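Printed here is entry.pdb (PDB, C-alpha atoms and all ligand atoms):
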ATOM      1  CA  MET A 131       0.000   0.000   0.000
ATOM      2  CA  ILE A 132       2.374   2.727  -1.165
ATOM      3  CA  PRO A 133       2.309   5.639  -1.300
ATOM      4  CA  THR A 134       0.629   5.927   2.085
ATOM      5  CA  PRO A 135      -1.533   8.821   3.291
ATOM      6  CA  HIS A 136       1.535  10.373   4.936
ATOM      7  CA  ILE A 137       4.569   9.266   2.885
ATOM      8  CA  GLU A 138       4.651  10.076  -0.818
ATOM      9  CA  SER A 139       7.464   7.776  -2.021
ATOM     10  CA  ARG A 140       6.230   5.324  -4.684
ATOM     11  CA  ASN A 141       9.295   3.085  -4.446
ATOM     12  CA  LYS A 142      10.208   1.375  -1.189
ATOM     13  CA  ASP A 143      13.841   1.103  -2.333
ATOM     14  CA  GLU A 144      14.056   4.890  -1.977
ATOM     15  CA  ILE A 145      14.067   4.325   1.802
ATOM     16  CA  ALA A 146      16.927   2.519   3.561
ATOM     17  CA  LYS A 147      16.349  -0.400   5.935
ATOM     18  CA  THR A 148      17.542   1.863   8.754
ATOM     19  CA  VAL A 149      15.849   5.214   9.384
ATOM     20  CA  LEU A 150      16.990   7.850  11.877
ATOM     21  CA  MET A 151      13.963   9.661  13.240
ATOM     22  CA  PRO A 152      14.141  13.064  14.963
ATOM     23  CA  GLY A 153      10.894  14.764  15.956
ATOM     24  CA  ASP A 154      11.864  17.985  14.187
ATOM     25  CA  PRO A 155      11.731  18.043  10.354
ATOM     26  CA  LEU A 156      14.485  20.675  10.304
ATOM     27  CA  ARG A 157      16.721  18.394  12.390
ATOM     28  CA  ALA A 158      16.179  15.772   9.688
ATOM     29  CA  LYS A 159      17.187  18.328   7.043
ATOM     30  CA  PHE A 160      20.223  19.369   9.087
ATOM     31  CA  ILE A 161      21.408  15.747   9.260
ATOM     32  CA  ALA A 162      20.925  15.238   5.514
ATOM     33  CA  ASP A 163      22.691  18.531   4.675
ATOM     34  CA  THR A 164      25.549  18.053   7.147
ATOM     35  CA  PHE A 165      26.351  14.354   7.168
ATOM     36  CA  LEU A 166      24.932  12.631   4.063
ATOM     37  CA  ALA A 167      26.136  12.402   0.452
ATOM     38  CA  ASP A 168      24.040  11.624  -2.660
ATOM     39  CA  VAL A 169      20.937  12.867  -0.858
ATOM     40  CA  LYS A 170      17.446  12.405  -2.298
ATOM     41  CA  GLN A 171      14.314  13.690  -0.587
ATOM     42  CA  PHE A 172      11.629  10.981  -0.471
ATOM     43  CA  ASN A 173       8.988  12.750   1.599
ATOM     44  CA  GLY A 174       7.580  16.235   1.939
ATOM     45  CA  VAL A 175       3.965  15.488   2.829
ATOM     46  CA  ARG A 176       2.923  17.867   5.652
ATOM     47  CA  ASN A 177       6.552  19.084   5.667
ATOM     48  CA  VAL A 178       7.532  15.903   7.498
ATOM     49  CA  LEU A 179      10.819  15.755   5.628
ATOM     50  CA  GLY A 180      12.451  12.446   4.715
ATOM     51  CA  TYR A 181      15.800  11.908   2.971
ATOM     52  CA  THR A 182      17.957   8.999   1.885
ATOM     53  CA  GLY A 183      21.684   9.299   1.286
ATOM     54  CA  THR A 184      24.977   7.685   2.154
ATOM     55  CA  TYR A 185      27.150   8.046   5.236
ATOM     56  CA  ASN A 186      30.752   6.992   4.590
ATOM     57  CA  GLY A 187      29.424   5.182   1.517
ATOM     58  CA  ARG A 188      26.676   3.315   3.387
ATOM     59  CA  LYS A 189      22.949   3.843   2.784
ATOM     60  CA  ILE A 190      20.788   5.400   5.485
ATOM     61  CA  SER A 191      17.558   7.423   5.678
ATOM     62  CA  VAL A 192      16.450  10.163   8.017
ATOM     63  CA  MET A 193      12.837  11.226   8.438
ATOM     64  CA  ALA A 194      11.009  13.344  11.015
ATOM     65  CA  SER A 195       8.321  11.898  13.280
ATOM     66  CA  GLY A 196       6.592  15.092  14.359
ATOM     67  CA  MET A 197       5.828  15.496  18.052
ATOM     68  CA  GLY A 198       4.024  13.018  20.256
ATOM     69  CA  MET A 199       2.974   9.372  20.191
ATOM     70  CA  PRO A 200       0.069   9.686  17.716
ATOM     71  CA  SER A 201       2.458  11.246  15.212
ATOM     72  CA  ILE A 202       5.407   8.830  15.554
ATOM     73  CA  GLY A 203       2.803   6.042  15.729
ATOM     74  CA  ILE A 204       1.706   6.853  12.166
ATOM     75  CA  TYR A 205       5.125   7.389  10.587
ATOM     76  CA  SER A 206       6.901   4.454  12.188
ATOM     77  CA  TYR A 207       3.992   2.108  11.379
ATOM     78  CA  GLU A 208       3.965   3.133   7.702
ATOM     79  CA  LEU A 209       7.751   2.819   7.399
ATOM     80  CA  TYR A 210       7.867  -0.627   9.030
ATOM     81  CA  LYS A 211       4.767  -2.098   7.451
ATOM     82  CA  PHE A 212       4.636  -0.597   3.955
ATOM     83  CA  TYR A 213       8.253   0.403   3.183
ATOM     84  CA  HIS A 214       9.895  -2.671   4.746
ATOM     85  CA  VAL A 215      12.057  -0.627   7.086
ATOM     86  CA  GLU A 216      13.770  -2.851   9.699
ATOM     87  CA  ASN A 217      15.360  -0.403  12.149
ATOM     88  CA  ILE A 218      14.183   2.975  13.412
ATOM     89  CA  ILE A 219      16.466   4.960  15.709
ATOM     90  CA  ARG A 220      14.726   7.903  17.287
ATOM     91  CA  ILE A 221      17.144  10.798  17.878
ATOM     92  CA  GLY A 222      15.309  13.229  20.112
ATOM     93  CA  SER A 223      15.615  15.899  22.734
ATOM     94  CA  CYS A 224      14.581  15.323  26.340
ATOM     95  CA  GLY A 225      14.092  17.106  29.633
ATOM     96  CA  GLY A 226      16.253  15.862  32.514
ATOM     97  CA  TYR A 227      14.442  14.807  35.704
ATOM     98  CA  THR A 228      17.577  14.868  37.876
ATOM     99  CA  PRO A 229      20.367  17.454  38.222
ATOM    100  CA  ASP A 230      22.757  14.695  37.055
ATOM    101  CA  ALA A 231      21.313  14.959  33.530
ATOM    102  CA  LYS A 232      23.416  17.834  32.174
ATOM    103  CA  LEU A 233      22.584  19.771  28.994
ATOM    104  CA  TYR A 234      23.966  17.952  25.911
ATOM    105  CA  ASP A 235      24.341  14.622  27.759
ATOM    106  CA  VAL A 236      23.396  11.643  25.574
ATOM    107  CA  ILE A 237      20.982   9.041  26.952
ATOM    108  CA  LEU A 238      20.127   5.688  25.381
ATOM    109  CA  ALA A 239      16.637   4.573  26.419
ATOM    110  CA  LYS A 240      16.846   1.027  27.746
ATOM    111  CA  ASP A 241      13.084   1.170  28.078
ATOM    112  CA  ALA A 242      10.267   3.711  28.235
ATOM    113  CA  TRP A 243       7.669   4.045  30.978
ATOM    114  CA  SER A 244       4.426   5.779  30.022
ATOM    115  CA  GLU A 245       0.916   6.496  31.276
ATOM    116  CA  SER A 246      -0.148   6.697  27.605
ATOM    117  CA  SER A 247      -2.952   4.498  26.242
ATOM    118  CA  TYR A 248      -1.153   4.169  22.869
ATOM    119  CA  ALA A 249       0.021   0.558  23.222
ATOM    120  CA  LYS A 250      -3.190  -0.664  24.822
ATOM    121  CA  VAL A 251      -5.370   0.917  22.144
ATOM    122  CA  GLN A 252      -3.082  -0.053  19.259
ATOM    123  CA  GLY A 253      -2.502  -3.667  20.209
ATOM    124  CA  GLY A 254      -3.994  -4.559  23.591
ATOM    125  CA  TYR A 255      -0.620  -4.226  25.362
ATOM    126  CA  GLU A 256      -1.256  -3.844  29.098
ATOM    127  CA  SER A 257       2.125  -3.003  30.629
ATOM    128  CA  ASP A 258       3.307   0.563  31.132
ATOM    129  CA  VAL A 259       6.931  -0.236  30.206
ATOM    130  CA  ILE A 260       8.299  -1.229  26.781
ATOM    131  CA  GLU A 261      11.943  -2.031  25.977
ATOM    132  CA  GLY A 262      13.966  -0.867  23.012
ATOM    133  CA  THR A 263      15.486  -3.667  20.936
ATOM    134  CA  PRO A 264      18.445  -5.029  22.950
ATOM    135  CA  GLU A 265      20.517  -5.905  19.827
ATOM    136  CA  LEU A 266      20.240  -2.337  18.525
ATOM    137  CA  ASN A 267      21.126  -0.966  21.930
ATOM    138  CA  GLN A 268      24.225  -3.179  22.071
ATOM    139  CA  ARG A 269      25.367  -1.831  18.711
ATOM    140  CA  LEU A 270      24.702   1.782  19.691
ATOM    141  CA  MET A 271      26.652   1.287  22.934
ATOM    142  CA  ARG A 272      29.587  -0.081  20.945
ATOM    143  CA  PHE A 273      29.473   2.849  18.485
ATOM    144  CA  ALA A 274      29.362   5.401  21.329
ATOM    145  CA  ASP A 275      32.344   3.683  22.905
ATOM    146  CA  GLU A 276      34.323   3.649  19.648
ATOM    147  CA  LEU A 277      33.558   7.344  19.075
ATOM    148  CA  GLY A 278      34.530   8.201  22.664
ATOM    149  CA  ILE A 279      31.110   9.748  23.369
ATOM    150  CA  PRO A 280      29.865   9.219  26.953
ATOM    151  CA  MET A 281      26.336   7.802  27.008
ATOM    152  CA  GLN A 282      24.045   6.861  29.875
ATOM    153  CA  ILE A 283      21.693   3.865  29.476
ATOM    154  CA  ALA A 284      18.512   4.409  31.450
ATOM    155  CA  ARG A 285      14.735   4.281  31.685
ATOM    156  CA  ILE A 286      12.952   7.314  30.247
ATOM    157  CA  HIS A 287       9.440   8.721  30.536
ATOM    158  CA  SER A 288       7.370   9.023  27.326
ATOM    159  CA  SER A 289       4.736  11.639  28.065
ATOM    160  CA  ASP A 290       1.621  12.762  26.197
ATOM    161  CA  VAL A 291       1.878  16.122  27.922
ATOM    162  CA  PHE A 292       4.596  18.755  27.532
ATOM    163  CA  TYR A 293       3.013  21.384  29.812
ATOM    164  CA  ARG A 294       1.756  19.732  33.006
ATOM    165  CA  GLU A 295      -0.420  21.843  35.276
ATOM    166  CA  ASN A 296       1.321  20.146  38.213
ATOM    167  CA  PHE A 297       4.948  20.785  37.243
ATOM    168  CA  GLU A 298       6.312  18.971  40.338
ATOM    169  CA  GLU A 299       4.810  15.646  39.212
ATOM    170  CA  TYR A 300       8.108  14.766  37.504
ATOM    171  CA  LYS A 301       9.707  14.166  40.922
ATOM    172  CA  LYS A 302       7.212  11.362  41.651
ATOM    173  CA  ILE A 303       7.821   9.790  38.239
ATOM    174  CA  TYR A 304      11.557   9.808  38.902
ATOM    175  CA  ASP A 305      11.169   8.365  42.423
ATOM    176  CA  LYS A 306       8.537   5.740  41.602
ATOM    177  CA  TYR A 307       9.554   4.543  38.132
ATOM    178  CA  GLY A 308      13.227   5.549  37.866
ATOM    179  CA  CYS A 309      12.803   7.647  34.702
ATOM    180  CA  VAL A 310      15.797   9.990  34.361
ATOM    181  CA  ALA A 311      14.347  12.135  31.557
ATOM    182  CA  VAL A 312      11.164  12.880  29.623
ATOM    183  CA  GLU A 313      10.352  12.883  25.917
ATOM    184  CA  MET A 314       7.167  12.188  23.956
ATOM    185  CA  GLU A 315       7.572   9.338  21.424
ATOM    186  CA  ALA A 316       9.692   6.317  22.403
ATOM    187  CA  PHE A 317       6.910   4.248  24.032
ATOM    188  CA  ALA A 318       4.830   4.251  20.818
ATOM    189  CA  LEU A 319       7.849   3.576  18.620
ATOM    190  CA  PHE A 320       8.946   0.634  20.785
ATOM    191  CA  HIS A 321       5.409  -0.741  20.730
ATOM    192  CA  ASN A 322       5.083  -0.554  16.935
ATOM    193  CA  ALA A 323       8.429  -2.297  16.516
ATOM    194  CA  LYS A 324       7.310  -5.044  18.888
ATOM    195  CA  VAL A 325       3.958  -5.764  17.209
ATOM    196  CA  LEU A 326       5.479  -5.686  13.717
ATOM    197  CA  GLY A 327       8.557  -7.787  14.543
ATOM    198  CA  LYS A 328      10.952  -4.891  13.825
ATOM    199  CA  ASN A 329      13.726  -3.093  15.721
ATOM    200  CA  ALA A 330      13.697   0.262  17.493
ATOM    201  CA  ALA A 331      15.999   2.323  19.688
ATOM    202  CA  CYS A 332      15.904   5.807  21.142
ATOM    203  CA  LEU A 333      18.875   8.114  21.617
ATOM    204  CA  LEU A 334      18.223  11.400  23.385
ATOM    205  CA  THR A 335      20.137  14.597  24.080
ATOM    206  CA  VAL A 336      19.277  16.575  27.208
ATOM    207  CA  SER A 337      17.842  19.884  25.952
ATOM    208  CA  ASP A 338      16.606  21.181  29.304
ATOM    209  CA  ASN A 339      16.436  20.159  32.914
ATOM    210  CA  LEU A 340      13.295  20.316  35.041
ATOM    211  CA  ALA A 341      15.299  20.265  38.280
ATOM    212  CA  THR A 342      17.885  22.948  37.443
ATOM    213  CA  HIS A 343      15.795  24.938  34.908
ATOM    214  CA  GLU A 344      18.725  25.086  32.477
ATOM    215  CA  ALA A 345      17.679  25.007  28.829
ATOM    216  CA  THR A 346      19.070  25.088  25.310
ATOM    217  CA  THR A 347      17.599  27.269  22.540
ATOM    218  CA  SER A 348      15.317  26.014  19.754
ATOM    219  CA  GLU A 349      18.196  26.551  17.308
ATOM    220  CA  GLU A 350      20.515  24.345  19.398
ATOM    221  CA  ARG A 351      17.791  21.648  19.561
ATOM    222  CA  GLN A 352      17.643  21.714  15.752
ATOM    223  CA  ASN A 353      21.337  21.866  14.860
ATOM    224  CA  ALA A 354      23.672  21.220  17.778
ATOM    225  CA  PHE A 355      22.879  17.736  19.071
ATOM    226  CA  THR A 356      25.533  16.182  16.854
ATOM    227  CA  ASN A 357      26.954  13.562  19.252
ATOM    228  CA  MET A 358      23.788  11.441  19.221
ATOM    229  CA  MET A 359      23.560  11.940  15.442
ATOM    230  CA  LYS A 360      27.103  10.603  14.960
ATOM    231  CA  ILE A 361      26.368   7.539  17.105
ATOM    232  CA  ALA A 362      23.130   6.820  15.214
ATOM    233  CA  LEU A 363      24.692   7.388  11.774
ATOM    234  CA  GLU A 364      27.055   4.478  12.434
ATOM    235  CA  MET A 365      23.954   2.284  11.945
ATOM    236  CA  ALA A 366      24.169   2.945   8.170
ATOM    237  CA  GLU A 367      24.122  -0.356   6.258
TER
HETATM  238  O1  LIG B 401      13.292  16.975  19.822
HETATM  239  P1  LIG B 401      12.228  15.955  19.547
HETATM  240  O2  LIG B 401      12.761  14.783  18.816
HETATM  241  O3  LIG B 401      11.007  16.532  18.854
HETATM  242  O4  LIG B 401      11.741  15.404  20.981
HETATM  243  C1  LIG B 401      11.189  16.154  22.045
HETATM  244  O5  LIG B 401      10.896  17.502  21.709
HETATM  245  C2  LIG B 401       9.486  17.682  21.514
HETATM  246  C3  LIG B 401       8.969  18.637  22.551
HETATM  247  O6  LIG B 401       9.646  19.842  22.496
HETATM  248  C4  LIG B 401       8.854  16.300  21.638
HETATM  249  O7  LIG B 401       8.749  15.726  20.360
HETATM  250  C5  LIG B 401       9.860  15.587  22.515
HETATM  251  O8  LIG B 401       9.850  14.203  22.459
HETATM  252  O1  LIG B 402       9.334  16.159  25.857
HETATM  253  C1  LIG B 402      10.198  16.931  26.281
HETATM  254  C2  LIG B 402      11.377  17.213  25.553
HETATM  255  C3  LIG B 402      12.294  18.094  26.071
HETATM  256  N1  LIG B 402      12.042  18.671  27.272
HETATM  257  C4  LIG B 402      10.930  18.387  27.977
HETATM  258  O2  LIG B 402      10.745  18.935  29.068
HETATM  259  N2  LIG B 402      10.030  17.536  27.461
END

Can I see the file as structure tokens?
Ligand SMILES: O=P(O)(O)O[C@H]1O[C@H](CO)[C@@H](O)[C@H]1O
Ligand SMILES: O=c1cc[nH]c(=O)[nH]1
Amino acid sequence: MIPTPHIESRNKDEIAKTVLMPGDPLRAKFIADTFLADVKQFNGVRNVLGYTGTYNGRKISVMASGMGMPSIGIYSYELYKFYHVENIIRIGSCGGYTPDAKLYDVILAKDAWSESSYAKVQGGYESDVIEGTPELNQRLMRFADELGIPMQIARIHSSDVFYRENFEEYKKIYDKYGCVAVEMEAFALFHNAKVLGKNAACLLTVSDNLATHEATTSEERQNAFTNMMKIALEMAE
């Protein structure tokens, strides 16, 4: 069933087996412009930009997910199911829940805890925790090591809500569930990978910290989180 309602490519070979997936379409463009050669744009529907190119001669794609679980739920499902994508690596920004999470730190999500109904509604999944694919995580840990980039492996919180009325709630989520940072997509991505027999991982860069109130700018979130990009790009086939 291609093209899909949200991806305009008519040829599944235009998309690599491994797709890097930032939330921000302009972060996807930055990665294509900065790191890839022989770049071809395969999606522009709704400005959710998608590109395929080569990294050190190896094929890889990068496409935005938009923000939130409904959005990454659509794009990751279409890529896995209709374009035969095998691996999706989310490369996102996150808010630190503890002062130990410093701006620009890279976190690999071992698993995601969420109060979201996404997995239950999509596939009857009852638990509130879903793991990333351990084999992908092993590879990403090795790449980070080889590149000399420090990376923490931890549980994260996937939230449906960016602006909580009760701001202090994050402290309870840290204490009770051990989530070191918050973002808004990994739980749905991990679920889609699980139900479709595919692989998913989530690399995050700390863009702000709820405990210390430090924050990066929107421009830095778009263009400056290059360490996680370099780790993820090593996944090129
Ligand atoms: O920087 P991205 O990948 O969009 O990730 C984070 O930033 C957005 C919120 O500002 C949410 O999508 C959240 O998950
Ligand atoms: O979802 C997110 C991403 C970055 N910072 C936050 O506080 N929340």

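The residues returned by the PyMOL selection byres (((not hetatm)) within 7 of (chain B and resi 401)) for this structure are Pro152, Gly153, Asp154, Gly196, Met197, Gly198, Ile221, Gly222, Ser223, Cys224, Phe292, Glu313, Met314, Glu315 and Arg351 of chain A.
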
Which residues match the PyMOL selection byres (((chain A and resi 133-148) around 6) and not hetatm) in the file above, as number ranges by chain?
A: 132, 149, 172-173, 190-191, 213, 215-218

Which residue out of A:Asp290, A:Asp163, A:Glu295, A:Glu367 has the minimum interatomic distance to ligand LIG 402 (chain B) when all atoms listed in the file are used?
A:Asp290

Edge lengths and centre in Å to one decimal, as lines of an AutoDock Vina configuration file, of the axis-aligned box that encloses all listed atoms of ligand LIG 402 (chain B) with 3 Å added on every side?
center_x = 10.8
center_y = 17.5
center_z = 27.3
size_x = 9.0
size_y = 8.8
size_z = 9.5

Return as JSON lines the residues of stretch 168-244 of chain A lying at most 12 Å from stretch 357-361 of chain A, together with the closest atom-to-atom pair for each and the distance in Å to one decimal, counting only C-alpha atoms, with rows in chain order and ascending residue number.
{"residue": "A:Tyr185", "atom": "CA", "partner": "A:Lys360", "partner_atom": "CA", "distance": 10.1}
{"residue": "A:Asn186", "atom": "CA", "partner": "A:Lys360", "partner_atom": "CA", "distance": 11.6}
{"residue": "A:Val192", "atom": "CA", "partner": "A:Met359", "partner_atom": "CA", "distance": 10.4}
{"residue": "A:Ile219", "atom": "CA", "partner": "A:Met359", "partner_atom": "CA", "distance": 10.0}
{"residue": "A:Arg220", "atom": "CA", "partner": "A:Met359", "partner_atom": "CA", "distance": 9.9}
{"residue": "A:Ile221", "atom": "CA", "partner": "A:Met358", "partner_atom": "CA", "distance": 6.8}
{"residue": "A:Gly222", "atom": "CA", "partner": "A:Met358", "partner_atom": "CA", "distance": 8.7}
{"residue": "A:Ser223", "atom": "CA", "partner": "A:Met358", "partner_atom": "CA", "distance": 10.0}
{"residue": "A:Tyr234", "atom": "CA", "partner": "A:Asn357", "partner_atom": "CA", "distance": 8.5}
{"residue": "A:Asp235", "atom": "CA", "partner": "A:Asn357", "partner_atom": "CA", "distance": 9.0}
{"residue": "A:Val236", "atom": "CA", "partner": "A:Met358", "partner_atom": "CA", "distance": 6.4}
{"residue": "A:Ile237", "atom": "CA", "partner": "A:Met358", "partner_atom": "CA", "distance": 8.6}
{"residue": "A:Leu238", "atom": "CA", "partner": "A:Met358", "partner_atom": "CA", "distance": 9.2}

For A:Lys250, please output as a PyMOL selection string all residues within 12 Å (counting all atoms listed in the file; exclusion window: fewer than 2 positions along the same chain).
chain A and resi 244-248+252-260+317-318+321-322+325

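For the set A:Ala330, A:Ala362, A:Ala323, A:Val310, the residue with the smallest atom-to-atom gap to A:Tyr207 is A:Ala323, counting only C-alpha atoms.
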
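Between A:Ala345 and the residues A:Ala158, A:Ala316, A:Val178, A:Leu233, the shortest atom-to-atom distance, using only C-alpha atoms, involves A:Leu233.
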
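Separating atom CA of A:Thr347 from atom O1 of ligand LIG 402 (chain B) is a distance of 14.2 Å.
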
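Distance-wise, atom CA of A:Glu261 and atom CA of A:Tyr307 end up 14.0 Å apart.
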
When the PyMOL selection byres (((chain A and resi 304) around 12) and not hetatm) is applied to the structure above, which residues does it catch, written out as a PyMOL selection string?
chain A and resi 226-229+243+284-287+298-303+305-312+340-341

Which residues, written as a PyMOL selection string, have at least one atom at most 9 Å from A:Asn267, with all atoms listed in the file counted and residues fewer than 4 positions away on the same chain left out?
chain A and resi 238-240+262-263+271-272+283+330-332

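The nearest approach to ligand LIG 402 (chain B) among the residues A:Asn296, A:Asn329, A:Thr356, A:Ser289, with all atoms listed in the file taken into account, belongs to A:Ser289.
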